[in-house]
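Containing TSV, C-alpha atoms: final36.tsv.
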chain	number	residue	atom	x	y	z
P	29	MET	CA	-4.08	47.41	-56.39
P	30	GLN	CA	-3.14	51.05	-56.42
P	31	LYS	CA	-2.25	50.88	-60.08
P	32	VAL	CA	-1.46	53.70	-62.40
P	33	ASP	CA	-2.02	52.47	-65.92
P	34	GLY	CA	1.27	51.96	-67.69
P	35	ASN	CA	3.10	53.34	-64.70
P	36	ARG	CA	3.00	50.53	-62.19
P	37	PHE	CA	5.83	50.52	-59.64
P	38	VAL	CA	8.26	47.69	-60.36
P	39	PHE	CA	10.55	46.59	-57.56
P	40	ASN	CA	14.29	46.16	-58.06
P	41	GLU	CA	15.19	42.85	-59.68
P	42	ARG	CA	17.43	41.96	-56.74
P	43	LEU	CA	14.29	41.76	-54.62
P	44	ASN	CA	11.60	39.10	-54.75
P	45	ALA	CA	9.27	41.36	-56.71
P	46	ALA	CA	6.52	38.79	-57.12
P	47	PHE	CA	6.31	38.32	-53.37
P	48	LEU	CA	6.44	42.07	-52.69
P	49	ASP	CA	3.60	42.65	-55.15
P	50	GLU	CA	1.54	40.09	-53.24
P	51	LEU	CA	2.57	41.46	-49.86
P	52	PHE	CA	1.78	45.10	-50.57
P	53	GLU	CA	-1.02	44.49	-53.08
P	54	GLY	CA	-0.05	47.64	-54.95
P	55	ASP	CA	-0.10	49.82	-51.84
P	56	THR	CA	3.10	51.71	-52.60
P	57	ILE	CA	2.43	54.22	-49.82
P	58	TYR	CA	2.62	51.42	-47.28
P	59	ALA	CA	5.61	49.91	-49.07
P	60	GLU	CA	7.38	53.26	-48.67
P	61	THR	CA	6.60	53.21	-44.93
P	62	VAL	CA	7.90	49.68	-44.55
P	63	PHE	CA	11.10	50.41	-46.48
P	64	GLU	CA	11.64	53.52	-44.39
P	65	ASP	CA	11.07	51.54	-41.17
P	66	PHE	CA	13.49	48.90	-42.40
P	67	LEU	CA	16.21	51.51	-42.92
P	68	LYS	CA	15.47	52.98	-39.52
P	69	ASP	CA	15.40	49.64	-37.65
P	70	LEU	CA	18.16	47.65	-39.35
P	71	PRO	CA	21.19	49.61	-38.00
P	72	ALA	CA	20.12	49.08	-34.38
P	73	TYR	CA	19.44	45.39	-34.94
P	74	TRP	CA	22.70	44.94	-36.84
P	75	GLN	CA	24.57	46.65	-34.03
P	76	LYS	CA	23.35	43.85	-31.76
P	77	VAL	CA	24.63	41.33	-34.30
P	78	GLU	CA	28.07	43.00	-34.34
P	79	THR	CA	28.25	43.26	-30.55
P	80	SER	CA	27.25	39.67	-29.92
P	81	TYR	CA	29.63	38.44	-32.66
P	82	GLN	CA	32.56	40.37	-31.15
P	83	SER	CA	31.78	39.08	-27.67
P	84	LYS	CA	31.22	35.55	-29.05
P	85	ASN	CA	27.82	35.40	-27.38
P	86	MET	CA	26.28	32.75	-29.61
P	87	THR	CA	22.83	32.87	-28.06
P	88	ALA	CA	22.55	36.62	-28.53
P	89	LEU	CA	24.08	36.35	-32.01
P	90	LYS	CA	21.52	33.74	-33.04
P	91	THR	CA	18.66	35.86	-31.71
P	92	SER	CA	19.82	39.06	-33.37
P	93	ILE	CA	20.47	37.37	-36.73
P	94	HIS	CA	17.00	35.84	-36.47
P	95	THR	CA	15.53	39.33	-36.11
P	96	CYS	CA	17.46	40.68	-39.11
P	97	LYS	CA	16.37	37.65	-41.14
P	98	THR	CA	12.73	38.52	-40.47
P	99	LEU	CA	13.33	42.16	-41.41
P	100	PHE	CA	14.96	41.20	-44.72
P	101	GLY	CA	11.85	39.21	-45.57
P	102	TYR	CA	9.59	42.26	-45.39
P	103	VAL	CA	11.60	44.06	-48.07
P	104	GLY	CA	11.85	41.08	-50.38
P	105	PHE	CA	15.38	39.85	-49.68
P	106	THR	CA	14.39	36.21	-49.58
P	107	ASP	CA	17.87	34.99	-50.60
P	108	LEU	CA	19.42	36.93	-47.75
P	109	GLN	CA	16.89	35.34	-45.42
P	110	ASP	CA	18.22	31.92	-46.44
P	111	LEU	CA	21.78	33.06	-45.75
P	112	CYS	CA	20.75	34.36	-42.31
P	113	GLN	CA	19.00	31.07	-41.59
P	114	ALA	CA	22.14	29.10	-42.44
P	115	PHE	CA	24.17	31.39	-40.17
P	116	GLU	CA	21.57	31.09	-37.42
P	117	ASN	CA	21.80	27.30	-37.62
P	118	LYS	CA	25.60	27.47	-37.33
P	119	CYS	CA	25.24	29.62	-34.22
P	120	ALA	CA	22.81	27.11	-32.74
P	121	ASP	CA	25.09	24.17	-33.50
P	122	MET	CA	28.11	26.13	-32.25
P	123	THR	CA	30.18	24.37	-34.87
P	124	GLY	CA	32.59	25.60	-37.49
P	125	ASP	CA	34.33	28.88	-37.98
P	126	LEU	CA	31.87	31.71	-38.35
P	127	ALA	CA	34.37	34.34	-39.51
P	128	ALA	CA	34.08	33.69	-43.26
P	129	ASP	CA	30.29	33.40	-43.10
P	130	PHE	CA	30.01	36.52	-41.01
P	131	SER	CA	32.15	38.46	-43.46
P	132	ILE	CA	29.95	37.40	-46.40
P	133	LEU	CA	26.81	38.19	-44.45
P	134	SER	CA	28.11	41.63	-43.47
P	135	ASP	CA	28.92	42.47	-47.11
P	136	LYS	CA	25.53	41.28	-48.29
P	137	LYS	CA	23.79	43.25	-45.57
P	138	LEU	CA	25.63	46.42	-46.61
P	139	ASN	CA	24.72	45.86	-50.23
P	140	ALA	CA	21.11	45.15	-49.27
P	141	GLN	CA	20.96	48.36	-47.28
P	142	HIS	CA	22.09	50.35	-50.36
P	143	ILE	CA	19.49	48.67	-52.54
P	144	ILE	CA	16.72	49.41	-50.04
P	145	GLU	CA	17.88	53.04	-49.73
P	146	ASN	CA	17.58	53.40	-53.51
P	147	GLU	CA	14.29	51.57	-53.51
P	148	TYR	CA	12.92	53.78	-50.76
P	149	ASN	CA	13.87	56.90	-52.73
P	150	ARG	CA	12.25	55.48	-55.85
P	151	LEU	CA	9.08	54.67	-53.93
P	152	ARG	CA	8.97	58.16	-52.45
P	153	LYS	CA	9.31	59.78	-55.86
P	154	TYR	CA	6.76	57.40	-57.34
P	155	ASN	CA	4.25	58.16	-54.59
P	156	GLU	CA	4.77	61.89	-55.03
P	157	SER	CA	4.01	61.53	-58.70
P	158	ILE	CA	0.68	59.70	-58.35
N	25	MET	CA	-18.65	37.42	-41.07
N	26	ASN	CA	-19.42	40.60	-39.13
N	27	LYS	CA	-19.74	42.56	-42.33
N	28	GLY	CA	-23.16	43.98	-41.48
N	29	PRO	CA	-24.06	47.35	-40.01
N	30	PHE	CA	-22.11	46.52	-36.85
N	31	ALA	CA	-18.93	45.63	-38.67
N	32	ASN	CA	-17.01	48.45	-37.09
N	33	CYS	CA	-18.20	47.73	-33.55
N	34	PRO	CA	-15.34	46.18	-31.61
N	35	TRP	CA	-17.76	44.02	-29.60
N	36	MET	CA	-18.83	42.22	-32.77
N	37	LYS	CA	-15.28	41.39	-33.73
N	38	THR	CA	-12.85	38.79	-32.53
N	39	THR	CA	-10.60	40.42	-29.95
N	40	CYS	CA	-6.89	39.78	-30.15
N	41	ILE	CA	-3.49	40.80	-28.96
N	42	ILE	CA	-0.22	40.71	-30.86
N	43	VAL	CA	2.90	39.42	-29.14
N	44	GLU	CA	5.76	40.36	-31.43
N	45	ASP	CA	9.14	41.95	-30.81
N	46	ILE	CA	9.68	43.19	-34.39
N	47	GLN	CA	7.82	46.41	-35.00
N	48	ILE	CA	7.48	46.01	-38.79
N	49	ALA	CA	5.92	42.56	-38.30
N	50	ALA	CA	3.52	43.89	-35.67
N	51	ASP	CA	2.57	46.84	-37.88
N	52	PHE	CA	1.72	44.48	-40.73
N	53	LEU	CA	-0.50	42.46	-38.44
N	54	LYS	CA	-2.28	45.55	-37.16
N	55	LYS	CA	-2.82	46.74	-40.71
N	56	PHE	CA	-4.18	43.35	-41.80
N	57	CYS	CA	-6.52	43.19	-38.77
N	58	GLU	CA	-7.85	46.65	-39.57
N	59	LYS	CA	-8.24	45.84	-43.26
N	60	SER	CA	-10.15	42.62	-42.54
N	61	ASP	CA	-12.66	44.37	-40.29
N	62	LEU	CA	-12.93	41.05	-38.45
N	63	ILE	CA	-10.45	41.54	-35.67
N	64	ALA	CA	-10.14	44.17	-32.95
N	65	VAL	CA	-6.56	44.54	-31.73
N	66	GLN	CA	-6.55	45.18	-27.99
N	67	GLY	CA	-2.82	45.51	-27.63
N	68	HIS	CA	0.66	44.85	-28.92
N	69	PHE	CA	3.30	43.46	-26.58
N	70	LEU	CA	7.00	43.18	-27.23
N	71	ASN	CA	7.54	40.34	-24.78
N	72	VAL	CA	5.80	37.42	-23.10
N	73	GLU	CA	5.84	38.81	-19.57
N	74	ASP	CA	3.90	41.97	-20.42
N	75	ALA	CA	1.45	40.00	-22.54
N	76	LEU	CA	0.70	37.55	-19.73
N	77	ASP	CA	-0.29	40.35	-17.37
N	78	PHE	CA	-2.76	41.63	-19.95
N	79	LEU	CA	-4.10	38.19	-20.85
N	80	ASP	CA	-4.88	37.35	-17.24
N	81	GLU	CA	-7.03	40.42	-16.97
N	82	TYR	CA	-8.68	40.88	-20.37
N	83	LYS	CA	-8.72	37.38	-21.88
N	84	PRO	CA	-8.92	38.26	-25.59
N	85	ASP	CA	-10.29	35.64	-28.03
N	86	LEU	CA	-7.13	35.29	-30.07
N	87	ILE	CA	-3.37	35.71	-29.75
N	88	PHE	CA	-1.04	36.33	-32.66
N	89	LEU	CA	2.08	34.93	-31.08
N	90	ASP	CA	5.66	35.18	-32.25
N	91	VAL	CA	7.86	32.29	-31.16
N	92	GLU	CA	11.37	33.68	-30.84
N	93	MET	CA	11.56	36.80	-28.76
N	94	PRO	CA	14.08	38.15	-26.28
N	95	GLY	CA	13.41	36.60	-22.86
N	96	ALA	CA	10.71	33.97	-22.75
N	97	ASN	CA	9.54	32.49	-26.06
N	98	GLY	CA	6.01	32.02	-27.38
N	99	PHE	CA	5.69	28.43	-26.15
N	100	GLU	CA	6.49	29.55	-22.63
N	101	LEU	CA	3.55	31.93	-22.86
N	102	LEU	CA	1.32	29.02	-23.90
N	103	ASP	CA	2.52	27.05	-20.88
N	104	LYS	CA	1.42	29.84	-18.59
N	105	LEU	CA	-2.01	30.59	-20.04
N	106	THR	CA	-4.86	30.42	-17.54
N	107	TYR	CA	-7.58	30.06	-20.20
N	108	SER	CA	-7.85	28.75	-23.76
N	109	PRO	CA	-7.75	31.50	-26.37
N	110	LYS	CA	-7.29	30.74	-30.06
N	111	ILE	CA	-3.64	30.89	-31.06
N	112	ILE	CA	-2.06	31.80	-34.37
N	113	LEU	CA	1.69	31.34	-34.21
N	114	THR	CA	3.79	33.67	-36.32
N	115	SER	CA	7.39	32.76	-37.01
N	116	SER	CA	9.97	33.09	-39.75
N	117	LYS	CA	10.90	29.46	-39.14
N	118	THR	CA	8.95	26.39	-40.14
N	119	GLU	CA	10.78	24.21	-37.63
N	120	TYR	CA	8.26	25.03	-34.94
N	121	ALA	CA	5.40	23.40	-36.82
N	122	PHE	CA	5.64	20.18	-34.82
N	123	ASP	CA	5.71	22.05	-31.52
N	124	ALA	CA	2.76	24.07	-32.77
N	125	PHE	CA	0.84	20.86	-33.36
N	126	GLN	CA	1.71	19.61	-29.90
N	127	TYR	CA	0.41	22.82	-28.38
N	128	ASN	CA	-2.76	22.56	-30.44
N	129	VAL	CA	-2.36	26.01	-31.96
N	130	ASN	CA	-5.04	26.96	-34.45
N	131	ASP	CA	-2.78	28.09	-37.28
N	132	TYR	CA	0.82	28.85	-38.13
N	133	LEU	CA	1.86	31.81	-40.25
N	134	LYS	CA	5.38	31.94	-41.62
N	135	LYS	CA	6.65	35.53	-41.64
N	136	PRO	CA	6.43	37.49	-43.79
N	137	PHE	CA	2.95	36.41	-44.81
N	138	THR	CA	0.48	37.98	-47.21
N	139	TYR	CA	-2.96	39.38	-46.43
N	140	LYS	CA	-4.51	36.41	-48.24
N	141	ARG	CA	-2.77	33.93	-45.94
N	142	PHE	CA	-3.63	36.04	-42.89
N	143	LEU	CA	-7.31	36.05	-43.86
N	144	GLU	CA	-7.36	32.28	-44.30
N	145	ALA	CA	-6.00	31.83	-40.79
N	146	VAL	CA	-8.43	34.31	-39.24
N	147	LYS	CA	-11.45	32.83	-40.97
N	148	LYS	CA	-10.42	29.37	-39.90
N	149	VAL	CA	-10.17	30.51	-36.28
N	150	GLN	CA	-13.49	32.31	-36.43
N	151	ALA	CA	-15.17	29.24	-37.90
N	152	GLU	CA	-13.80	27.18	-35.01
N	153	MET	CA	-15.06	29.74	-32.52
N	154	THR	CA	-18.62	29.37	-33.75
N	155	LEU	CA	-18.56	25.59	-33.26
N	156	PRO	CA	-19.49	24.10	-29.90
N	157	ALA	CA	-16.63	22.46	-28.06
N	158	ILE	CA	-16.25	18.96	-29.42
N	159	ALA	CA	-15.79	16.19	-26.93
N	160	PRO	CA	-13.35	13.48	-27.91
N	161	THR	CA	-15.10	10.87	-30.00
N	162	PRO	CA	-14.83	7.22	-29.01
N	163	ALA	CA	-12.31	6.68	-31.78
N	164	GLN	CA	-10.18	9.58	-30.61
N	165	ALA	CA	-10.40	8.98	-26.88
N	166	PRO	CA	-8.27	6.19	-25.51
N	167	VAL	CA	-10.07	2.85	-25.62
N	168	MET	CA	-9.47	0.54	-22.68
N	169	GLY	CA	-8.70	-3.10	-23.29
N	170	SER	CA	-11.17	-5.50	-21.77
N	171	ASP	CA	-8.47	-7.09	-19.61
N	172	THR	CA	-7.47	-3.56	-18.50
N	173	ASP	CA	-3.74	-4.30	-19.01
N	174	PHE	CA	-3.57	-2.07	-22.04
N	175	LEU	CA	-5.30	0.75	-23.81
N	176	PHE	CA	-5.56	1.90	-27.37
N	177	ILE	CA	-4.77	5.47	-28.27
N	178	LYS	CA	-5.24	7.18	-31.58
N	179	ALA	CA	-1.88	8.64	-32.57
N	180	ASP	CA	-0.23	9.23	-35.94
N	181	ASP	CA	-3.43	8.20	-37.75
N	182	LYS	CA	-3.52	4.75	-36.22
N	183	LEU	CA	-4.66	3.05	-33.05
N	184	VAL	CA	-1.63	2.24	-30.98
N	185	LYS	CA	-1.81	-0.47	-28.34
N	186	LEU	CA	-0.11	0.72	-25.19
N	187	LYS	CA	0.55	-1.46	-22.17
N	188	LYS	CA	-0.47	0.48	-19.10
N	189	ASP	CA	2.58	-0.79	-17.29
N	190	ASP	CA	4.79	0.86	-19.93
N	191	ILE	CA	3.36	4.31	-19.24
N	192	LEU	CA	5.65	6.47	-17.11
N	193	PHE	CA	3.28	9.41	-16.86
N	194	ILE	CA	0.56	11.27	-18.72
N	195	GLU	CA	0.85	14.98	-19.35
N	196	SER	CA	-1.97	17.40	-20.13
N	197	MET	CA	-1.55	19.52	-23.27
N	198	ARG	CA	-4.76	21.52	-23.21
N	199	ASP	CA	-7.15	19.50	-25.43
N	200	TYR	CA	-4.61	16.71	-25.84
N	201	VAL	CA	-2.76	14.38	-23.54
N	202	LYS	CA	0.74	13.01	-23.95
N	203	PHE	CA	1.51	9.44	-22.88
N	204	VAL	CA	5.18	9.12	-22.06
N	205	THR	CA	6.83	5.69	-22.08
N	206	ALA	CA	10.51	4.83	-21.72
N	207	GLY	CA	11.11	4.90	-25.46
N	208	LYS	CA	8.43	7.06	-27.00
N	209	SER	CA	5.71	9.63	-26.44
N	210	TYR	CA	2.22	9.54	-27.91
N	211	ILE	CA	-0.12	12.48	-28.20
N	212	THR	CA	-3.85	11.92	-28.48
N	213	TYR	CA	-7.00	13.99	-28.33
N	214	SER	CA	-8.37	13.63	-24.81
N	215	THR	CA	-8.28	15.36	-21.47
N	216	LEU	CA	-6.41	14.59	-18.28
N	217	LYS	CA	-9.74	14.51	-16.45
N	218	ASN	CA	-10.95	11.79	-18.82
N	219	MET	CA	-7.78	9.80	-18.21
N	220	GLU	CA	-8.05	10.28	-14.46
N	221	GLU	CA	-11.54	8.76	-14.51
N	222	LYS	CA	-10.54	5.86	-16.73
N	223	LEU	CA	-7.44	4.98	-14.75
N	224	ALA	CA	-8.96	5.47	-11.30
N	225	GLY	CA	-8.06	2.85	-8.72
N	226	GLN	CA	-5.12	1.55	-10.70
N	227	ALA	CA	-1.40	2.34	-10.42
N	228	PHE	CA	-1.99	5.88	-11.62
N	229	VAL	CA	-2.35	8.96	-9.47
N	230	LYS	CA	-2.80	12.59	-10.35
N	231	VAL	CA	0.08	14.53	-8.82
N	232	HIS	CA	-0.39	17.90	-10.51
N	233	ARG	CA	-3.07	19.60	-12.56
N	234	SER	CA	-1.05	18.66	-15.64
N	235	TYR	CA	0.29	15.22	-14.68
N	236	ILE	CA	-0.89	11.71	-13.86
N	237	ILE	CA	1.91	9.40	-12.88
N	238	ASN	CA	2.38	5.63	-12.80
N	239	ILE	CA	3.37	4.97	-9.18
N	240	ASN	CA	5.26	1.82	-10.19
N	241	LYS	CA	7.64	3.89	-12.28
N	242	ILE	CA	8.71	6.43	-9.67
N	243	ASP	CA	12.48	6.35	-9.03
N	244	ASP	CA	12.46	8.76	-6.11
N	245	ILE	CA	10.79	11.84	-4.73
N	246	ARG	CA	12.71	14.87	-3.55
N	247	GLY	CA	10.73	17.71	-2.07
N	248	ASN	CA	7.90	18.46	-4.45
N	249	THR	CA	9.51	16.77	-7.44
N	250	ILE	CA	9.09	13.21	-8.64
N	251	TYR	CA	11.89	11.64	-10.67
N	252	VAL	CA	10.92	9.09	-13.31
N	253	GLN	CA	13.59	7.74	-15.64
N	254	GLY	CA	15.20	11.10	-16.20
N	255	ASN	CA	11.94	13.06	-16.19
N	256	THR	CA	11.01	15.47	-13.43
N	257	ILE	CA	7.35	15.82	-12.50
N	258	PRO	CA	6.13	18.54	-10.13
N	259	VAL	CA	3.80	17.65	-7.28
N	260	GLY	CA	0.99	20.15	-6.87
N	261	LYS	CA	0.11	21.39	-3.39
N	262	GLY	CA	-3.42	20.02	-3.61
N	263	HIS	CA	-2.23	16.54	-4.63
N	264	ARG	CA	0.38	15.85	-1.95
N	265	ASP	CA	-1.94	14.06	0.50
N	266	GLU	CA	-3.41	11.83	-2.22
N	267	LEU	CA	0.07	10.91	-3.41
N	268	ALA	CA	1.30	10.21	0.13
N	269	SER	CA	-1.69	7.95	0.80
N	270	ARG	CA	-0.95	5.92	-2.34
N	271	LEU	CA	2.73	5.40	-1.61
N	272	ASN	CA	3.92	2.46	0.43
N	273	ILE	CA	5.88	4.54	2.90
N	274	LEU	CA	7.53	2.51	5.68

Go ahead and render the structure in this file as structure tokens.
Amino acid sequence: MQKVDGNRFVFNERLNAAFLDELFEGDTIYAETVFEDFLKDLPAYWQKVETSYQSKNMTALKTSIHTCKTLFGYVGFTDLQDLCQAFENKCADMTGDLAADFSILSDKKLNAQHIIENEYNRLRKYNESI
Amino acid sequence: MNKGPFANCPWMKTTCIIVEDIQIAADFLKKFCEKSDLIAVQGHFLNVEDALDFLDEYKPDLIFLDVEMPGANGFELLDKLTYSPKIILTSSKTEYAFDAFQYNVNDYLKKPFTYKRFLEAVKKVQAEMTLPAIAPTPAQAPVMGSDTDFLFIKADDKLVKLKKDDILFIESMRDYVKFVTAGKSYITYSTLKNMEEKLAGQAFVKVHRSYIININKIDDIRGNTIYVQGNTIPVGKGHRDELASRLNIL
């Protein structure tokens, strides 16, 4: 691990820190890259989610949510992955009203994006300091 | 493995391609491959179609294959392979595990996965690559009954007695074959060629490189498609004459 004694980077408690530690193995430079890529990629993927939701294209919605779910995993949002999976299953079953679920998911995604923005900035500063 | 003086020589490593539509996931895989010094990545493809073109030409040893991608999915790529590379499926879903077993994939990585888990999968594949191809053992290959009305197949950890007359058709699944009956399917470790030899001269005829059919079960034939109790079986060009000669056409 790329440890600095007494100054190890600790991920935000909203993230699955134990998993992220295992995933990055202390490589905070790579973690910074991944968080930056996440912030760069998510808006385009989420745009596809929005478009397919508005057009009620369930197949496209399922696919685009599936992609976002995978992305959330790489930045430690395992709980959000579960939420995406539940939504993906609803899309596949084509049952029930998706509006309430979609609203919750959109809020959580927005919140997640803020957390990752902060986390990315923290990682950048941390990496500059080591 | 390959950690000697030639560790950095691509020809000493297992060659692979990555088929993955999510860039972050593909980047992780590339990084892990590089870190392991065991795998040489020959290419990254965002979809099945592009990957198939490359595979036909370069035939890498191993494919890291995502399942859900825009367009064709990972299993469709497996259906179209013209050789038998090692396969490590990568998916964020565990639901595909059964399909993965049916397709005889070598390992299944749930995304996101750690370097430790990646290394386990790669080492497992490399160990399998160093072993000679194992022919089905007598216990694994179907065992014919002495009266030839039935056969025993090893499926679900037991020997299942299957009446030959109940078999609708047999489908090749690379190193496995699937016996399809009206109510159930059984997958066992054998080859279609082996089954063709064992069932020769009986009610079974090979109609396609991937299918042997029970003639008694055919409902009808339209063009190059055979219909059997709701299943459609293609008839290969090279098998049409043999099929025609076995049918009682008035």

Within 10 Å of chain P, which residues of chain N show up when using only C-alpha atoms, listed as a PDB file with C-alpha atoms, in the coordinates of the input?
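Result saved to out_0.pdb:
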ATOM      1  CA  ASP N  45       9.140  41.950 -30.810  1.00  0.00           C
ATOM      2  CA  ILE N  46       9.680  43.190 -34.390  1.00  0.00           C
ATOM      3  CA  GLN N  47       7.820  46.410 -35.000  1.00  0.00           C
ATOM      4  CA  ILE N  48       7.480  46.010 -38.790  1.00  0.00           C
ATOM      5  CA  ALA N  49       5.920  42.560 -38.300  1.00  0.00           C
ATOM      6  CA  ASP N  51       2.570  46.840 -37.880  1.00  0.00           C
ATOM      7  CA  PHE N  52       1.720  44.480 -40.730  1.00  0.00           C
ATOM      8  CA  LYS N  55      -2.820  46.740 -40.710  1.00  0.00           C
ATOM      9  CA  GLU N  92      11.370  33.680 -30.840  1.00  0.00           C
ATOM     10  CA  MET N  93      11.560  36.800 -28.760  1.00  0.00           C
ATOM     11  CA  PRO N  94      14.080  38.150 -26.280  1.00  0.00           C
ATOM     12  CA  SER N 115       7.390  32.760 -37.010  1.00  0.00           C
ATOM     13  CA  SER N 116       9.970  33.090 -39.750  1.00  0.00           C
ATOM     14  CA  LYS N 117      10.900  29.460 -39.140  1.00  0.00           C
ATOM     15  CA  LYS N 134       5.380  31.940 -41.620  1.00  0.00           C
ATOM     16  CA  LYS N 135       6.650  35.530 -41.640  1.00  0.00           C
ATOM     17  CA  PRO N 136       6.430  37.490 -43.790  1.00  0.00           C
ATOM     18  CA  PHE N 137       2.950  36.410 -44.810  1.00  0.00           C
ATOM     19  CA  THR N 138       0.480  37.980 -47.210  1.00  0.00           C
ATOM     20  CA  TYR N 139      -2.960  39.380 -46.430  1.00  0.00           C
ATOM     21  CA  LYS N 140      -4.510  36.410 -48.240  1.00  0.00           C
TER      22      LYS N 140
END

Open item on the list: If I take atom CA of P:Lys90 and atom CA of N:Asp131, how far is one from the other in Å, to one decimal?
Closed with: 25.3 Å

Task: Gap from atom CA of N:Val43 to atom CA of N:Leu89 - Å, one decimal - done: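 If I compute the distance from atom CA of N:Val43 to atom CA of N:Leu89, I get 5.0 Å.
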
TODO: Find the spatial neighbours of N:Ala227, counting only C-alpha atoms, within a cut-off of 7 Å - ignore same-chain residues fewer than 6 positions away - and output them as a list in words.
DONE: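 Within the cut-off, the hits are Asn238, Ile239 and Asn240 of chain N.
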
Open item on the list: Please list as a PyMOL selection string every residue within 12 Å of N:Tyr120, counting only C-alpha atoms and excluding residues in the same chain fewer than 2 positions away.
Closed with: chain N and resi 90-92+97-99+113-118+122-127+129+131-134

Open item on the list: Around the point (2.2, 40.4, -28.9) (coordinates from the file), which residues reach within 7 Å if we count all atoms listed in the file? Answer as a ChimeraX atom specification.
Closed with: /N:41-44,68-71,75,88-89

Task: Near-stretch 125-128 of chain P list (12 Å; only C-alpha atoms; drop same-chain fewer than 3 positions) as an NGL selection string - done: :P and (78 or 81-82 or 84 or 86 or 89-90 or 114-122 or 131-135)
